[in-house]
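Worksheet: one structure, shown below.
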Amino acid sequence: MDSQLHIALFPYMAHGHMIPTMDMARIFASNGVKATIITTPSNVPFFSKAIERDRQLGFEIFIQLMNFPTAEVGLPEGCDNASSIIAPEMIPKFCKAVSLLQNPLENILKDCHPNCLVADMMFPWATDVASKFGIPRLVFHGVSTFALCVLDSLRRYETHKSLASDFDPFTVLGLPNQIKLTRLQLPNYIREKNKHTEAMDQIIQSEVKSYGVLINSFYELEPAYLEHYRKVMGRKAWLIGPLSLCNKDTEDKVQRGDKTSIDKHECLKWLDLKKPNSVLYICFGSMFNFSGPQLLELARALEASGQNFIWVVKKEEKFLPEGFERRMEGKGLIIRGWAPQVLILDHEATGGFMTHCGWNSTLEAVASGVPMVTWPLYAEQFFNEKLVTEVLKVGISVGSQEWSRHEKKILVRMEDIEKAVTMVMVGEEGEVMKNRAKELEEMSRKAVENGGSSFSDLNALLEELKVINV
Ligand code: UDP
C-alpha cells in the first residue's frame with residue numbers, strides 16, 4: 001500500500017484565505033506529503049507560479065480545478081473570488097454559488113482519494129462531505145486562537161446584549177486576560193441576529209464535528225489562549241504557523257498572493273536607501289476600500305508625521321491632496337494595487353506597520369519583528385487589535401471605534417493617526433515595542449525550526465494522520 005499521505009486543501013476564494021492555505025500546502029509538500037489544492041478557474045494563477053517552483057524542487061503539489069457556478073446564480077463569468085464582488089447585490093449570489101460547491105467537492109474527492117481534507121471554515125458542509133469518504137476533515141479558520149476564544153465567550157455569555165450603550169466598554173468574560181470591547185466594535189452578526197449569525201452557527205457546529213482545527217499561529221504567541229481553546233472550549237487544535245515563514249527567498253515573497261504592482265528591484269532599491277527602522281508600511285489588506293475623505297485624512301497625517309512610508313492603495317482610490325505625491329517624493333512610496341508585503345516587512349528599513357489587523361498581516365508583522373499601528377475595520381480585526389496592543393504589547397491603536405464592512409465617513413481623525421504613527425516610529429513606547437517585537441520574531445522563527453513548537457505540532461499531526469489511515 002502507498003504510505004504517502006495525500007492531503008486535499010480547499011481554501012475559500014479570497015486572498016486572505018488562499019494565501020495561508022497555499023503556504024500550508026507548500027509546508028505539507030516539503031514534509032513529504034502529496035498536497036492537492038482545490039480551487040476555481042480564476043484563482044489558479046494565484047497558486048500556479050509557486051507550485052511550479054516547488055514541483056521543480058521535486059515536491060508533490062498539485063491543483064485540482066473545480067468549476068464555480070457563476071451562470072447558475074447570475075454572476076458574470078470569472079467572478080469567483082471575493083475581491084471580484086464589486087456591488088452589494090453580488091454578495092448573496094456569490095454566497096449561493098459557494099453553497100453549490102458541495103457536489104463538485106464530492107466529485108473531486110471521489111476521483112482523487114485524499115487521506116484528509118483541510119477545508120476552510122466557510123464551507124461548513126465539508127465535514128459531512130469528508131465523512132462520506134471516511135476521511136478526517138480539518139478546519140482552517142485563518143484567524144488567531146485569541147479571536148476564536150473571544151468569539152466563543154461572546155456567544156457563550158452574551159454580555160453585550162444587556163448593555164445600556166453601544167459605546168461603553170464591557171469585559172469579555174472567562175478569558176485569561178481582562179479584555180474590554182464596546183458593542184460598536186463587534187461584528188454585526190454578534191451585535192444582532194441576522195443571516196450571518198445562522199451561518200456562524202453552522203460554521204461552529206461543523207468545527208465541533210470535525211477532526212480538529214489547524215491554526216496559523218504558534219504556541220509561544222498565545223499559550224493561555226491555546227490552553228483555553230483546548231481545555232475550556234474542548235477543541236482539538238494544531239498550531240503550525242507562522243505559515244508565511246515558509247517563504248524564504250525573494251522570489252517566494254514576491255510571488256505570494258497576487259501579481260505585484262511594483263517591480264521588486266524598484267521596491268528594494270527604495271528601501272535600501274532608507275535607514276533601519278525608518279519606514280512605516282501601510283496596508284489594509286486585500287478587501288477594504290476607504291472613503292475619499294478618510295484617505296485624505298490619512299494622507300495629511302502621514303505628511304504631518306514627517307515619517308518615511310510605503311502606502312498601498314487600491315487602484316481605484318483617487319484621493320490624494322493637491323501636490324501630495326510631488327511633496328512626498330523620496331519620502332513616501334505609493335503602491336497602487338498589490339504590494340510584496342512580506343518582502344517589505346522583512347526589510348530592515350521597515351520599522352512600523354499600519355494595519356487593519358487582518359490575521360495574516362498581524363502574524364506577518366510578528367514574524368518580521370515589526371511593531372504595529374492598529375486600525376481595525378471589520379471581521380475579527382478588533383479582537384486582534386486587543387491581542388496586539390494589550391496582550392503582546394507590540395502596537396498602538398489609532399482609536400478605531402466602529403466595526404464597519406463598508407466605510408462611508410471619516411472614522412479616525414488626522415491628529416489621532418499622526419499621534420499613533422509618531423509614538424510607534426520615534427516615541428519611547430515605540431522603542432520598547434520594537435524590542436518586544438524582535439523577541440516575538442525570534443520566537444516565531446524558532447517555532448517553525450526543527451524541534452520548535454509549530455514544527456512539532458505539524459509532525460504530530462502528520463504522524464496521527466498516517467496512523468488513522470493505516
Ligand atoms: N497582501 C499582500 N499585498 C497587498 C495586500 C495584501 O501581499 O498589497 C497579503 C498580506 O501579506 C496577507 C494577505 O494579503 O497575507 C491579507 O490577509 P489579511 O488576513 O491580513 O487581510 P484580508 O485581506 O483578509 O482582510
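In the C-alpha cells, the first chain shown is A, the next is B, and so on; residue numbers restart at 1 for each chain, and ligands run from 1 in the order shown.
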
Could you pull the residues within 10 Å of Ile63 in chain A, counting only C-alpha atoms, minus those fewer than 2 positions along the same chain, as a list in words?
Ala8, Leu9, Ala35, Thr36, Ile37, Ile38, Thr39, Thr40, Val44, Phe47, Ser48, Ile51, Ile61, Leu65 and Met66 of chain A

Which residues form the shell of 9 Å around ligand 1 when you count only C-alpha atoms and all ligand atoms, given as a short mmCIF file (atom, residue, chain, number, x, y, z; two decimals) with N, CA and C atoms, in the first residue's frame?
```cif
data_model
loop_
_atom_site.label_atom_id
_atom_site.label_comp_id
_atom_site.auth_asym_id
_atom_site.auth_seq_id
_atom_site.Cartn_x
_atom_site.Cartn_y
_atom_site.Cartn_z
N ALA A 14 -10.76 33.87 -1.44
CA ALA A 14 -10.42 35.25 -1.10
C ALA A 14 -8.93 35.23 -0.73
N HIS A 15 -8.23 36.32 -1.03
CA HIS A 15 -6.78 36.32 -0.82
C HIS A 15 -6.38 35.93 0.60
N GLY A 16 -7.09 36.50 1.59
CA GLY A 16 -6.75 36.27 2.99
C GLY A 16 -6.89 34.81 3.40
N HIS A 17 -7.61 34.02 2.61
CA HIS A 17 -7.78 32.60 2.89
C HIS A 17 -6.84 31.76 1.99
N MET A 18 -6.71 32.19 0.72
CA MET A 18 -5.92 31.39 -0.21
C MET A 18 -4.42 31.48 0.09
N ILE A 19 -3.97 32.67 0.51
CA ILE A 19 -2.52 32.85 0.73
C ILE A 19 -2.00 31.91 1.83
N PRO A 20 -2.62 31.90 3.02
CA PRO A 20 -2.08 30.98 4.03
C PRO A 20 -2.29 29.50 3.67
N GLY A 142 -8.18 30.47 9.64
CA GLY A 142 -7.33 31.60 9.21
C GLY A 142 -7.31 32.73 10.22
N VAL A 143 -7.81 32.52 11.44
CA VAL A 143 -7.79 33.58 12.45
C VAL A 143 -6.96 33.12 13.65
N SER A 244 3.63 32.02 6.92
CA SER A 244 4.33 32.88 5.96
C SER A 244 5.84 32.65 5.99
N LYS A 253 8.67 35.47 -1.77
CA LYS A 253 7.96 36.58 -1.13
C LYS A 253 7.25 37.45 -2.16
N VAL A 254 7.88 37.57 -3.33
CA VAL A 254 7.29 38.43 -4.36
C VAL A 254 6.10 37.74 -5.03
N GLN A 255 6.20 36.42 -5.16
CA GLN A 255 5.13 35.71 -5.89
C GLN A 255 3.93 35.37 -5.01
N ARG A 256 3.98 35.74 -3.75
CA ARG A 256 2.93 35.33 -2.81
C ARG A 256 1.68 36.16 -3.05
N GLY A 257 0.56 35.49 -3.27
CA GLY A 257 -0.70 36.20 -3.47
C GLY A 257 -0.86 36.65 -4.90
N ASP A 258 -0.99 37.93 -5.11
CA ASP A 258 -1.31 38.45 -6.44
C ASP A 258 -0.05 38.91 -7.16
N LYS A 259 -0.24 39.38 -8.42
CA LYS A 259 0.89 39.93 -9.18
C LYS A 259 1.21 41.31 -8.60
N THR A 260 2.45 41.54 -8.21
CA THR A 260 2.76 42.82 -7.56
C THR A 260 2.71 43.98 -8.54
N SER A 261 2.28 45.14 -8.03
CA SER A 261 2.14 46.34 -8.88
C SER A 261 3.42 47.15 -8.90
N CYS A 283 -0.88 49.23 4.94
CA CYS A 283 -1.70 48.41 4.04
C CYS A 283 -2.89 47.88 4.83
N PHE A 284 -4.06 47.91 4.22
CA PHE A 284 -5.28 47.50 4.93
C PHE A 284 -5.84 46.20 4.33
N GLY A 285 -4.95 45.33 3.87
CA GLY A 285 -5.39 44.02 3.42
C GLY A 285 -5.91 44.02 2.00
N SER A 286 -6.61 42.96 1.66
CA SER A 286 -6.99 42.75 0.27
C SER A 286 -8.42 43.18 -0.05
N MET A 287 -9.22 43.54 0.97
CA MET A 287 -10.65 43.66 0.72
C MET A 287 -11.26 45.04 0.90
N PHE A 288 -10.66 45.85 1.74
CA PHE A 288 -11.38 47.05 2.20
C PHE A 288 -11.04 48.28 1.36
N VAL A 312 0.14 51.30 0.50
CA VAL A 312 -0.53 50.51 -0.54
C VAL A 312 -1.97 51.00 -0.64
N VAL A 313 -2.35 51.49 -1.82
CA VAL A 313 -3.73 51.94 -2.03
C VAL A 313 -4.36 51.11 -3.15
N LYS A 314 -5.66 51.04 -3.15
CA LYS A 314 -6.36 50.29 -4.20
C LYS A 314 -6.26 51.09 -5.50
N ILE A 335 2.12 52.51 -3.57
CA ILE A 335 1.94 51.34 -4.46
C ILE A 335 0.46 51.22 -4.74
N ARG A 336 0.10 51.33 -6.00
CA ARG A 336 -1.33 51.23 -6.37
C ARG A 336 -1.61 49.81 -6.82
N GLY A 337 -2.30 49.05 -5.97
CA GLY A 337 -2.63 47.67 -6.35
C GLY A 337 -2.10 46.71 -5.31
N TRP A 338 -1.20 45.82 -5.72
CA TRP A 338 -0.73 44.74 -4.84
C TRP A 338 0.75 44.92 -4.49
N ALA A 339 1.06 44.87 -3.21
CA ALA A 339 2.44 45.05 -2.76
C ALA A 339 3.04 43.72 -2.33
N PRO A 340 4.36 43.57 -2.47
CA PRO A 340 5.01 42.35 -1.92
C PRO A 340 5.17 42.52 -0.42
N GLN A 341 4.09 42.28 0.32
CA GLN A 341 4.04 42.67 1.74
C GLN A 341 5.13 42.03 2.60
N VAL A 342 5.32 40.73 2.45
CA VAL A 342 6.29 40.06 3.33
C VAL A 342 7.71 40.54 3.01
N LEU A 343 7.97 40.81 1.74
CA LEU A 343 9.28 41.33 1.35
C LEU A 343 9.53 42.67 2.04
N THR A 355 -1.76 48.68 10.16
CA THR A 355 -2.50 47.52 9.64
C THR A 355 -3.95 47.51 10.11
N HIS A 356 -4.79 46.86 9.32
CA HIS A 356 -6.20 46.70 9.71
C HIS A 356 -6.37 45.50 10.66
N CYS A 357 -5.25 44.86 11.00
CA CYS A 357 -5.26 43.73 11.94
C CYS A 357 -5.94 42.49 11.37
N GLY A 358 -5.97 42.35 10.05
CA GLY A 358 -6.32 41.05 9.47
C GLY A 358 -5.30 40.08 10.03
N TRP A 359 -5.69 38.82 10.26
CA TRP A 359 -4.78 37.94 10.99
C TRP A 359 -3.50 37.64 10.21
N ASN A 360 -3.59 37.48 8.90
CA ASN A 360 -2.37 37.20 8.15
C ASN A 360 -1.38 38.35 8.31
N SER A 361 -1.87 39.57 8.13
CA SER A 361 -0.99 40.73 8.23
C SER A 361 -0.40 40.84 9.63
N THR A 362 -1.24 40.63 10.64
CA THR A 362 -0.77 40.75 12.02
C THR A 362 0.36 39.75 12.29
N LEU A 363 0.14 38.51 11.88
CA LEU A 363 1.15 37.48 12.15
C LEU A 363 2.40 37.70 11.29
N GLU A 364 2.22 38.25 10.10
CA GLU A 364 3.39 38.56 9.26
C GLU A 364 4.23 39.64 9.94
N TYR A 378 -13.18 45.61 10.34
CA TYR A 378 -14.34 44.70 10.38
C TYR A 378 -13.86 43.28 10.72
N ALA A 379 -14.67 42.27 10.38
CA ALA A 379 -14.37 40.86 10.72
C ALA A 379 -13.93 40.76 12.18
N GLN A 381 -11.13 41.80 13.37
CA GLN A 381 -9.94 42.64 13.49
C GLN A 381 -9.86 43.42 14.81
#
```

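When DSSP reads the backbone of this structure, the residues of range 296-397 of chain A it assigns to strand (DSSP E) are Asn308, Phe309, Ile310, Trp311, Val312, Val313, Gly332, Leu333, Ile334, Ile335, Arg336, Thr350, Gly351, Gly352, Phe353, Met354, Thr355, Met372, Val373, Thr374, Gly395, Ile396 and Ser397 of chain A.
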
Ranking A:Thr70, A:Ser456, A:Ser162, A:Gln56 by minimum distance to Phe218 in chain A and counting only C-alpha atoms, which one comes first?
A:Ser456

Please return, as a ChimeraX atom specification, all residues of range 211-293 of chain A that DSSP assigns to alpha helix (DSSP H) on the basis of the backbone.
/A:223-227,250-254,264-272,292-293

Distance CA of Ser454 in chain A-CA of Val470 in chain A, one decimal place?
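Interatomic distance, CA of Ser454 in chain A to CA of Val470 in chain A: 24.6 Å.
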
A:Gly306, A:Gly399, A:Pro276, A:Gly332: which is nearest Gly351 in chain A, counting only C-alpha atoms?
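Result for the nearest residue to Gly351 in chain A: A:Pro276.
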
Contacts of Glu439 in chain A at 10 Å (only C-alpha atoms; same-chain gap of 6+ positions) as number ranges by chain
A: 366-367, 369, 433

Which distance in Å separates CA of Lys331 in chain A and CA of Lys409 in chain A, to one decimal?
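Answer for the CA of Lys331 in chain A to CA of Lys409 in chain A separation: 27.8 Å.
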
Considering only C-alpha atoms, can you say which of A:Val139, A:Leu298, A:Asn216, A:His406 comes closest to Ser444 in chain A?
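Checking each of A:Val139, A:Leu298, A:Asn216, A:His406 against Ser444 in chain A, counting only C-alpha atoms, the winner is A:Asn216.
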
Pairwise distance, CA of Glu297 in chain A with CA of Met425 in chain A, equals 18.9 Å

Please provide the set of residues having any atom within 12 Å of Val118 in chain A, restricted to only C-alpha atoms, with same-chain residues fewer than 3 positions apart removed, written as a ChimeraX atom specification.
/A:6-12,21-22,24-25,28,35-38,109,114-115,121-124,126-127,129-130,135-142,207,210-215

Best match for closeness to Ile344 in chain A among A:Trp375, A:Phe383, A:Trp403, A:Trp270, counting only C-alpha atoms
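Once distances to Ile344 in chain A are computed over only C-alpha atoms, the minimum belongs to A:Trp270.
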
Mind checking which residues fall within 12 Å of Gly452 in chain A, counting only C-alpha atoms, ignoring those fewer than 3 positions away in the same chain, and posting them as a PyMOL selection string?
chain A and resi 218-220+239-242+442-449+455-459

Option closest in space to Gly430 in chain A, from A:Lys264, A:Lys275, A:Arg405, A:Lys393 [counting only C-alpha atoms]:
A:Lys393

Contacts of Asn277 in chain A at 12 Å or less, counting only C-alpha atoms, minus same-chain residues fewer than 4 places along, as a ChimeraX atom specification?
/A:271-273,281,307-309,344-353,368-371,424-426,430-431,434-435,438

Residue contacts of Asn43 in chain A (8 Å, only C-alpha atoms) excluding same-chain residues fewer than 6 positions away, as a count of residues only
3
